[in-house]
file run.txt (compact mmCIF, C-alpha atoms)
# COMPACT_ATOMS: atom_id res chain seq x y z
CA MET A 212 -9.76 -6.88 56.07
CA GLN A 213 -8.08 -10.19 55.33
CA MET A 214 -11.36 -11.56 54.03
CA LEU A 215 -11.78 -8.64 51.58
CA LEU A 216 -8.25 -8.91 50.14
CA PRO A 217 -9.03 -11.81 47.72
CA LEU A 218 -11.85 -9.75 46.21
CA VAL A 219 -9.47 -7.08 44.88
CA ILE A 220 -6.89 -9.56 43.56
CA THR A 221 -8.67 -10.51 40.33
CA GLY A 222 -5.78 -12.07 38.40
CA CYS A 223 -5.68 -12.72 34.67
CA TRP A 224 -8.71 -14.92 34.23
CA ASP A 225 -8.48 -15.10 30.42
CA SER A 226 -4.71 -15.41 30.04
CA VAL A 227 -3.18 -18.02 27.72
CA GLU A 228 0.39 -19.20 28.23
CA LEU A 229 2.81 -18.48 25.39
CA ASN A 230 3.48 -22.16 24.75
CA ARG A 231 -0.25 -22.61 24.16
CA ARG A 232 -0.44 -19.91 21.49
CA ALA A 233 -0.04 -20.26 17.71
CA ILE A 234 1.36 -16.92 16.54
CA VAL A 235 -0.35 -15.73 13.35
CA SER A 236 1.87 -13.54 11.15
CA GLY A 237 -0.51 -12.95 8.25
CA VAL A 238 -4.15 -13.36 7.29
CA GLY A 239 -5.53 -13.95 3.80
CA ILE A 240 -9.22 -13.24 3.10
CA ASP A 241 -10.92 -14.82 0.08
CA ARG A 242 -14.54 -14.81 -1.09
CA GLY A 243 -16.16 -18.20 -0.66
CA PRO A 244 -18.47 -19.92 -3.15
CA SER A 245 -21.68 -19.31 -1.16
CA ASP A 246 -23.11 -17.22 1.67
CA ASP A 247 -22.62 -20.18 4.04
CA GLN A 248 -18.91 -20.00 3.18
CA LYS A 249 -18.70 -16.30 2.44
CA TYR A 250 -15.40 -15.80 4.29
CA MET A 251 -12.49 -18.12 3.54
CA LEU A 252 -9.63 -17.19 5.85
CA SER A 253 -6.04 -18.41 5.60
CA PHE A 254 -3.85 -18.00 8.69
CA GLN A 255 -0.08 -18.01 8.29
CA VAL A 256 1.13 -19.51 11.58
CA ILE A 257 4.77 -19.36 12.73
CA VAL A 258 6.37 -22.69 13.65
CA ALA A 259 8.48 -21.47 16.55
CA GLU A 260 10.80 -24.50 16.62
CA GLU A 261 11.90 -23.86 13.02
CA ILE A 262 12.46 -20.14 13.61
CA SER A 263 14.48 -20.45 16.83
CA GLY A 264 16.83 -23.09 15.47
CA GLU A 265 16.34 -25.36 18.49
CA GLN A 266 14.78 -28.77 17.95
CA THR A 267 14.46 -27.99 14.26
CA ARG A 268 13.03 -30.63 11.94
CA SER A 269 14.12 -28.91 8.69
CA SER A 270 10.51 -28.34 7.79
CA SER A 271 8.61 -25.20 6.78
CA PRO A 272 8.96 -22.23 9.21
CA VAL A 273 5.27 -21.45 8.77
CA ALA A 274 2.09 -23.45 8.41
CA LEU A 275 -1.14 -22.40 6.72
CA TYR A 276 -4.49 -23.14 8.33
CA SER A 277 -7.80 -22.29 6.69
CA GLY A 278 -11.36 -21.91 7.82
CA SER A 279 -14.62 -20.79 6.26
CA GLY A 280 -17.88 -19.42 7.59
CA ARG A 281 -20.75 -17.00 7.23
CA THR A 282 -18.75 -14.45 9.23
CA MET A 283 -15.05 -13.89 9.81
CA PHE A 284 -15.38 -14.91 13.45
CA GLU A 285 -16.99 -18.19 12.43
CA ALA A 286 -14.21 -18.81 9.91
CA LEU A 287 -11.63 -18.18 12.64
CA ALA A 288 -13.41 -20.66 14.91
CA ASN A 289 -13.46 -23.30 12.17
CA ALA A 290 -9.74 -22.80 11.49
CA SER A 291 -8.89 -23.10 15.19
CA ARG A 292 -10.28 -26.66 15.20
CA GLN A 293 -7.31 -27.70 13.05
CA THR A 294 -4.62 -26.52 15.46
CA ALA A 295 -3.42 -27.78 18.81
CA ARG A 296 -2.93 -24.22 20.06
CA PHE A 297 -4.95 -21.02 20.30
CA LEU A 298 -4.68 -18.85 17.17
CA SER A 299 -3.15 -15.61 18.44
CA LEU A 300 -3.81 -12.53 16.27
CA GLY A 301 -1.77 -10.07 18.30
CA HIS A 302 1.24 -10.26 15.96
CA VAL A 303 -0.46 -10.14 12.55
CA ARG A 304 1.74 -8.01 10.29
CA VAL A 305 -0.17 -8.23 7.00
CA VAL A 306 -3.78 -8.64 5.92
CA VAL A 307 -4.21 -9.71 2.29
CA ILE A 308 -7.65 -9.37 0.67
CA SER A 309 -8.55 -10.95 -2.66
CA GLU A 310 -9.48 -8.72 -5.60
CA GLU A 311 -12.80 -10.56 -5.92
CA PHE A 312 -13.77 -9.71 -2.33
CA ALA A 313 -12.48 -6.13 -2.65
CA ARG A 314 -14.82 -5.46 -5.58
CA GLU A 315 -17.72 -6.66 -3.47
CA GLY A 316 -16.82 -4.49 -0.46
CA ILE A 317 -14.45 -4.68 2.52
CA LYS A 318 -16.31 -2.64 5.16
CA ASP A 319 -17.56 -5.63 7.17
CA MET A 320 -14.18 -7.31 7.44
CA LEU A 321 -12.56 -4.07 8.54
CA ASP A 322 -15.18 -3.76 11.26
CA VAL A 323 -14.02 -7.14 12.57
CA LEU A 324 -10.35 -6.15 12.42
CA GLU A 325 -11.05 -2.94 14.34
CA ARG A 326 -13.36 -4.58 16.87
CA GLU A 327 -11.11 -7.56 17.73
CA SER A 328 -9.03 -6.61 20.78
CA ASP A 329 -6.09 -8.81 19.78
CA MET A 330 -5.69 -7.30 16.30
CA ARG A 331 -3.29 -4.49 15.54
CA LEU A 332 -4.55 -1.50 13.59
CA THR A 333 -0.96 -1.13 12.35
CA SER A 334 -1.14 -4.34 10.29
CA LEU A 335 -0.41 -3.62 6.62
CA VAL A 336 -3.19 -4.18 4.08
CA PHE A 337 -2.72 -5.55 0.55
CA ILE A 338 -5.09 -6.44 -2.31
CA THR A 339 -4.22 -9.41 -4.51
CA LYS A 340 -4.21 -8.99 -8.29
CA ASP A 341 -5.81 -11.79 -10.33
CA GLN A 342 -5.28 -14.51 -7.74
CA PRO A 343 -6.60 -15.72 -4.37
CA ALA A 344 -5.14 -14.30 -1.16
CA ARG A 345 -4.38 -17.87 -0.08
CA GLU A 346 -1.71 -18.16 -2.79
CA VAL A 347 0.11 -15.09 -1.47
CA MET A 348 -0.03 -16.46 2.07
CA SER A 349 1.40 -19.83 0.94
CA THR A 350 4.46 -18.59 -0.97
CA MET A 351 7.89 -19.26 0.55
CA THR A 352 10.31 -16.35 0.27
CA VAL A 353 14.10 -16.07 0.06
CA PHE A 354 14.98 -13.11 2.28
CA SER A 355 12.72 -13.93 5.20
CA LYS A 356 11.70 -17.25 6.66
CA ILE A 357 8.25 -15.81 7.34
CA PRO A 358 6.48 -14.73 4.11
CA ALA A 359 4.46 -12.03 5.92
CA ASN A 360 7.72 -10.43 7.09
CA ASP A 361 9.03 -10.53 3.52
CA LEU A 362 6.04 -8.47 2.38
CA VAL A 363 6.65 -5.91 5.11
CA GLU A 364 10.34 -5.59 4.27
CA LYS A 365 9.66 -5.28 0.53
CA LEU A 366 7.18 -2.50 1.16
CA ASN A 367 9.66 -0.71 3.43
CA THR A 368 12.27 -0.87 0.67
CA THR A 369 10.07 0.28 -2.19
CA SER A 370 8.49 3.08 -0.16
CA LYS A 371 11.90 4.56 0.59
CA GLN A 372 13.44 4.24 -2.84
CA PHE A 373 12.43 3.69 -6.47
CA GLY A 374 8.76 2.96 -5.89
CA TYR A 375 5.28 4.42 -5.61
CA ASN A 376 3.98 1.91 -3.05
CA TYR A 377 3.75 3.12 0.54
CA LYS A 378 2.56 1.82 3.88
CA MET A 379 -1.20 1.45 4.21
CA GLU A 380 -2.33 0.17 7.58
CA VAL A 381 -5.72 -1.10 8.74
CA ASP A 382 -6.44 2.22 10.46
CA ASP A 383 -5.53 4.15 7.28
CA VAL A 384 -7.93 2.05 5.23
CA ILE A 385 -10.77 2.55 7.74
CA ARG A 386 -10.29 6.33 7.65
CA GLY A 387 -10.03 6.30 3.85
CA ILE A 388 -13.34 4.50 3.48
CA GLN A 389 -15.08 7.23 5.48
CA VAL A 390 -13.96 10.05 3.15
CA ARG A 391 -17.02 11.39 1.35
CA GLY A 392 -16.85 10.74 -2.39
CA GLY A 393 -13.48 9.03 -2.16
CA GLY A 394 -11.86 5.95 -0.73
CA PRO A 395 -8.54 4.40 0.28
CA VAL A 396 -5.58 3.58 -1.95
CA ILE A 397 -4.15 0.13 -1.12
CA ASN A 398 -1.03 -1.66 -2.36
CA GLY A 399 -1.39 -4.53 -4.80
CA VAL A 400 0.45 -7.83 -4.38
CA PHE A 401 0.74 -10.92 -6.56
CA THR A 402 3.12 -13.75 -7.35
CA ILE A 403 5.14 -14.18 -10.53
CA GLY A 404 6.40 -17.53 -11.75
CA GLY A 405 5.00 -21.02 -11.47
CA ARG A 406 2.95 -22.16 -8.49
CA GLU A 407 4.08 -25.81 -8.46
CA ARG A 408 6.69 -25.44 -5.69
CA ALA A 409 5.72 -22.05 -4.30
CA ASP A 410 4.65 -23.45 -0.92
CA SER A 411 7.72 -25.60 -0.24
CA ASN A 412 11.39 -25.06 0.63
CA ASP A 413 12.22 -26.07 -2.96
CA ASN A 414 11.32 -22.50 -3.90
CA LEU A 415 14.41 -21.34 -1.97
CA LYS A 416 16.98 -23.85 -3.22
CA THR A 417 17.67 -22.40 -6.67
CA ILE A 418 19.41 -19.23 -7.85
CA THR A 419 16.21 -18.18 -9.59
CA PRO A 420 13.24 -18.83 -7.26
CA HIS A 421 10.29 -20.52 -8.95
CA THR A 422 7.83 -18.05 -7.41
CA ILE A 423 8.39 -14.49 -6.21
CA LEU A 424 6.12 -12.21 -4.23
CA ARG A 425 5.86 -8.82 -5.90
CA ILE A 426 4.37 -5.58 -4.62
CA SER A 427 3.12 -3.46 -7.51
CA ARG A 428 0.14 -1.44 -8.70
CA LEU A 429 -2.31 0.47 -6.53
CA ALA A 430 -5.87 -0.61 -5.83
CA VAL A 431 -8.13 2.45 -5.67
CA PHE A 432 -11.53 2.43 -4.01
CA LYS A 433 -14.82 4.30 -4.02
CA ASP A 434 -16.15 3.99 -0.47
CA ASP A 435 -15.31 0.36 0.41
CA LYS A 436 -15.41 -1.13 -3.10
CA LEU A 437 -12.47 -1.61 -5.45
CA LYS A 438 -12.89 0.57 -8.54
CA GLY A 439 -9.71 -0.13 -10.48
CA TRP A 440 -5.93 -0.44 -10.61
CA LEU A 441 -3.23 2.14 -11.21
CA GLU A 442 0.34 1.57 -12.35
CA GLY A 443 3.21 3.40 -14.00
CA LYS A 444 2.95 7.18 -14.36
CA THR A 445 -0.66 7.24 -13.17
CA ALA A 446 0.30 5.51 -9.93
CA PHE A 447 3.32 7.79 -9.46
CA GLY A 448 1.15 10.85 -10.02
CA THR A 449 -1.44 9.64 -7.51
CA VAL A 450 1.10 9.03 -4.76
CA LEU A 451 2.78 12.32 -5.67
CA LEU A 452 -0.55 14.10 -5.10
CA LEU A 453 -0.97 12.31 -1.77
CA ASN A 454 2.54 13.55 -0.83
CA LYS A 455 3.73 10.03 0.01
CA LEU A 456 6.68 9.76 -2.37
CA LYS A 457 10.06 9.98 -0.69
CA GLU A 458 12.45 9.10 -3.50
CA PHE A 459 11.83 7.94 -7.05
CA PRO A 460 13.44 7.75 -10.52
CA VAL A 461 12.45 9.86 -13.51
CA VAL A 462 13.58 9.27 -17.09
CA ILE A 463 13.34 11.98 -19.75
CA LYS A 464 14.33 12.04 -23.39
CA ASN A 465 15.98 14.73 -25.48
CA ASP A 466 17.65 14.82 -28.89
CA ASN A 467 20.71 12.96 -27.61
CA GLY A 468 18.94 10.09 -25.86
CA TYR A 469 17.61 9.27 -22.41
CA LEU A 470 18.65 10.81 -19.11
CA ALA A 471 17.85 9.36 -15.68
CA PHE A 472 17.30 11.39 -12.52
CA ASN A 473 16.62 10.59 -8.91
CA VAL A 474 14.08 12.90 -7.29
CA TYR A 475 15.13 12.73 -3.63
CA LEU A 476 12.92 15.49 -2.25
CA SER A 477 9.33 16.11 -3.28
CA GLN A 478 6.83 18.32 -1.47
CA VAL A 479 3.24 18.63 -2.64
CA SER A 480 0.44 20.69 -1.13
CA VAL A 481 -3.20 20.63 -2.22
CA GLY A 482 -5.40 23.59 -1.33
CA ALA A 483 -8.66 25.05 -2.52
CA ALA A 484 -10.20 28.43 -3.22
CA ALA A 485 -13.72 27.54 -2.10
CA LYS A 486 -15.56 30.76 -1.40
CA ASP A 487 -18.09 29.40 -3.86
CA PRO A 488 -18.12 25.67 -2.96
CA GLU A 489 -20.16 24.85 -6.07
CA HIS A 490 -17.25 26.08 -8.23
CA PRO A 491 -14.04 25.54 -6.25
CA VAL A 492 -10.55 25.97 -7.68
CA ILE A 493 -8.06 23.31 -6.62
CA ASN A 494 -4.51 24.66 -6.25
CA ILE A 495 -1.65 22.15 -6.40
CA LYS A 496 1.90 23.24 -5.61
CA ILE A 497 4.87 20.92 -6.29
CA THR A 498 8.51 21.53 -5.45
CA GLN A 499 11.15 18.92 -6.24
CA GLN A 500 14.90 18.49 -5.96
CA ALA A 501 16.69 16.01 -8.21
CA ALA A 502 20.12 14.52 -8.91
CA LEU A 503 21.35 13.44 -12.33
CA LYS A 504 22.10 9.70 -12.28
CA GLU A 505 22.70 8.80 -15.93
CA SER A 506 23.61 10.86 -18.98
CA PRO A 507 25.06 8.77 -21.81
CA ASN A 508 25.43 11.71 -24.19
CA SER A 509 27.55 14.77 -24.87
CA LEU A 510 25.52 17.41 -23.02
CA ASP A 511 27.52 20.13 -21.29
CA LEU A 512 26.33 19.52 -17.74
CA THR A 513 28.45 22.39 -16.42
CA SER A 514 26.27 24.88 -18.27
CA PRO A 515 23.51 26.51 -16.16
CA LYS A 516 21.36 26.85 -19.29
CA VAL A 517 21.54 23.09 -19.98
CA LEU A 518 20.61 22.25 -16.40
CA GLU A 519 17.81 24.80 -16.49
CA LYS A 520 16.38 23.20 -19.63
CA LEU A 521 16.58 19.74 -18.05
CA SER A 522 14.84 21.10 -14.94
CA GLU A 523 12.01 22.38 -17.12
CA GLN A 524 11.63 18.91 -18.64
CA LEU A 525 11.45 17.37 -15.17
CA THR A 526 8.84 19.93 -14.19
CA GLN A 527 6.75 19.07 -17.23
CA GLU A 528 7.06 15.37 -16.38
CA ALA A 529 5.77 16.03 -12.85
CA ARG A 530 2.92 18.11 -14.25
CA SER A 531 2.07 15.31 -16.70
CA GLN A 532 2.03 12.72 -13.89
CA ILE A 533 -0.31 14.88 -11.81
CA GLN A 534 -2.66 15.50 -14.74
CA GLY A 535 -2.73 11.78 -15.53
CA ALA A 536 -3.58 10.95 -11.90
CA ILE A 537 -6.45 13.46 -11.86
CA ALA A 538 -7.81 12.14 -15.16
CA ALA A 539 -7.73 8.57 -13.80
CA ALA A 540 -9.55 9.55 -10.60
CA ARG A 541 -12.24 11.34 -12.58
CA LYS A 542 -12.63 8.37 -14.91
CA LEU A 543 -13.08 6.05 -11.91
CA GLU A 544 -15.47 8.61 -10.33
CA SER A 545 -13.70 8.50 -6.98
CA ASP A 546 -12.00 11.37 -5.16
CA TYR A 547 -9.32 9.22 -3.51
CA ILE A 548 -6.84 12.04 -4.22
CA GLY A 549 -8.42 14.25 -1.56
CA PHE A 550 -9.78 17.31 -3.39
CA GLY A 551 -12.98 17.21 -1.32
CA GLU A 552 -10.96 17.24 1.89
CA ALA A 553 -9.17 20.38 0.66
CA VAL A 554 -12.53 22.09 0.06
CA GLU A 555 -13.80 21.02 3.49
CA ARG A 556 -10.69 22.42 5.20
CA LYS A 557 -11.08 25.75 3.43
CA ASN A 558 -14.85 26.14 3.77
CA PRO A 559 -16.41 23.68 6.26
CA HIS A 560 -19.82 25.34 6.11
CA GLY A 561 -19.88 25.35 2.32
CA TRP A 562 -18.75 21.72 2.22
CA LYS A 563 -21.93 20.65 4.00
CA LYS A 564 -23.91 22.08 1.09
CA VAL A 565 -22.00 20.23 -1.63
CA LYS A 566 -20.86 16.97 -0.05
CA ASP A 567 -23.93 15.04 -1.20
CA HIS A 568 -23.22 15.83 -4.85
CA TRP A 569 -19.45 16.29 -4.66
CA GLU A 570 -18.90 13.66 -7.38
CA ASP A 571 -20.42 16.01 -9.96
CA ILE A 572 -18.31 18.97 -8.80
CA PHE A 573 -15.14 16.85 -8.64
CA ALA A 574 -15.61 15.80 -12.25
CA ALA A 575 -15.52 19.38 -13.58
CA CYS A 576 -13.82 21.68 -11.02
CA GLU A 577 -10.97 23.92 -12.13
CA ILE A 578 -7.43 22.80 -11.27
CA LYS A 579 -4.27 24.90 -11.20
CA ILE A 580 -0.83 23.29 -10.98
CA ASP A 581 2.26 25.23 -9.88
CA ALA A 582 5.35 23.02 -10.33
CA ASP A 583 9.06 23.67 -9.91
CA THR A 584 12.05 21.29 -10.08
CA VAL A 585 15.69 22.05 -9.34
CA ILE A 586 18.65 19.82 -10.29
CA ARG A 587 20.93 20.12 -7.27
CA HIS A 588 23.91 18.07 -8.45
CA THR A 589 25.21 15.54 -10.99
CA ASP A 590 26.66 13.09 -8.44
CA MET A 591 30.34 12.06 -8.73
CA ARG A 592 31.18 13.73 -12.04
CA GLY A 593 30.16 16.57 -14.34
CA ASN A 594 30.18 15.85 -18.07
CA SER A 595 30.02 12.23 -19.27
CA PHE A 596 33.19 10.81 -20.73
CA GLN A 597 33.23 10.40 -24.50
CA VAL A 598 34.96 7.96 -26.86
CA TYR A 599 36.55 9.70 -29.85
call {"tool": "encode", "arguments": {"input": "run.txt", "output": "structure tokens"}}
result
Amino acid sequence: MQMLLPLVITGCWDSVELNRRAIVSGVGIDRGPSDDQKYMLSFQVIVAEEISGEQTRSSSPVALYSGSGRTMFEALANASRQTARFLSLGHVRVVVISEEFAREGIKDMLDVLERESDMRLTSLVFITKDQPAREVMSTMTVFSKIPANDLVEKLNTTSKQFGYNYKMEVDDVIRGIQVRGGGPVINGVFTIGGRERADSNDNLKTITPHTILRISRLAVFKDDKLKGWLEGKTAFGTVLLLNKLKEFPVVIKNDNGYLAFNVYLSQVSVGAAAKDPEHPVINIKITQQAALKESPNSLDLTSPKVLEKLSEQLTQEARSQIQGAIAAARKLESDYIGFGEAVERKNPHGWKKVKDHWEDIFAACEIKIDADTVIRHTDMRGNSFQVY
């Protein structure tokens, strides 16, 4: 019995001590100049001594290491030759893919991210706009020592208030790619300002940072290829259709000027009447609740008729956003807004007959929109004060 005991005590044969690991917080993926350097990866590595405050050298809290190769794994291996520690991918919070690579296709790199046991499927995915992913990974940020964390916190803020961007994780992107006739919707990211001091602490030493990371626009896909970008009302309408908006501003105009509202509750459902799957009817129902935030005019906000008229304007604005989002999806020939999924839920058997030519049906199917908005309150006062 004593001789058999060592056989069942296997131990951790492939373990690596923490002090031998280089913790990677973000990964940037760029398209290389040739097939031999197809993948150009940038790894944002945390410098633990600068983060903890002990034995600090007043240097950058992160370091950027790069590697290239015919495959992502080869690029990772080439990058690891530059570090004294093992690159650890278990804490990657963001994956940034260049626009150039996204237009070519991202399926293969997602296969690697899903297959690698150290990677998290909860890492957030971004697409760069008009610049390499390396530049995003090498930008120092004010509110977080680690730039990858700054991206996460900015997305958390904008997804909860005043924005149309929302969390899109690796697993969400993989599932989006597999939707027949559609694709995922991924947040865009880019830097504004000069790049001269973006990668140094000098970017943090002025009241107005030289370079700022900004999350804006939505990258929409057909299968695994980037088809185009959405922003403004079209982006709001798309996220509204996907029922991802939590809180967002709306501005309307009447004869007396502009009024601003905060829509703090929005519920959208997309269904289908698909008895005849060749000619389905898509039914969209929207209910919203809003609060008046700004009214620099002499409207009588205590009048139910005035509030009812303003509610109708908000309803028309929501309807216009939805119609704009549908028109954009049809123009890009991608059902990333999920109409095909609604048909499949309603008539799974019929969906099998139309899925191979769903793009043609999606381009011309009938759509009905039922929208309703209620103004619940006018915040801390009723009518606006006037100067006589």
call {"tool": "residues_around", "arguments": {"input": "run.txt", "residues": "region 548-554 of chain A", "least_positions_apart": "6", "cutoff": "7 Å", "atoms": "all atoms listed in the file", "output": "list of chain:residue names"}}
result
A:Thr449, A:Leu452, A:Leu453, A:Val481, A:Gly482, A:Ala483, A:Ala485, A:Trp562
call {"tool": "atom_distance", "arguments": {"input": "run.txt", "atom1": "CA of Arg425 (chain A)", "atom2": "CA of Leu366 (chain A)"}}
result
9.6 Å
call {"tool": "atom_distance", "arguments": {"input": "run.txt", "atom1": "CA of Gly387 (chain A)", "atom2": "CA of Glu325 (chain A)"}}
result
14.0 Å
call {"tool": "closest_atom_pairs", "arguments": {"input": "run.txt", "of": "region 291-403 of chain A", "to": "region 564-577 of chain A", "cutoff": "9 Å", "atoms": "all atoms listed in the file", "output": "Markdown table"}}
result
| residue | atom | partner | partner_atom | distance |
| --- | --- | --- | --- | --- |
| A:Arg391 | CA | A:Lys566 | CA | 6.9 |
| A:Gly392 | CA | A:Glu570 | CA | 6.1 |
| A:Gly393 | CA | A:Glu570 | CA | 8.8 |
call {"tool": "closest_residue", "arguments": {"input": "run.txt", "among": "A:Glu327, A:Ile308, A:Leu424, A:Gln389", "to": "Ser349 (chain A)", "atoms": "all atoms listed in the file"}}
result
A:Leu424
call {"tool": "closest_residue", "arguments": {"input": "run.txt", "among": "A:Ser334, A:Ser545, A:Thr589, A:Gln534", "to": "Leu521 (chain A)", "atoms": "only C-alpha atoms"}}
result
A:Thr589
call {"tool": "residues_around", "arguments": {"input": "run.txt", "residues": "Leu321 (chain A)", "least_positions_apart": "4", "cutoff": "12 Å", "atoms": "all atoms listed in the file", "output": "list in words"}}
result
Ile240, Met283, Val306, Val307, Ile308, Ala313, Gly316, Ile317, Glu325, Arg326, Glu327, Met330, Arg331, Leu332, Ser334, Val336, Glu380, Val381, Asp382, Asp383, Val384, Ile385, Arg386, Gly387, Ile388, Gln389 and Asp435 of chain A
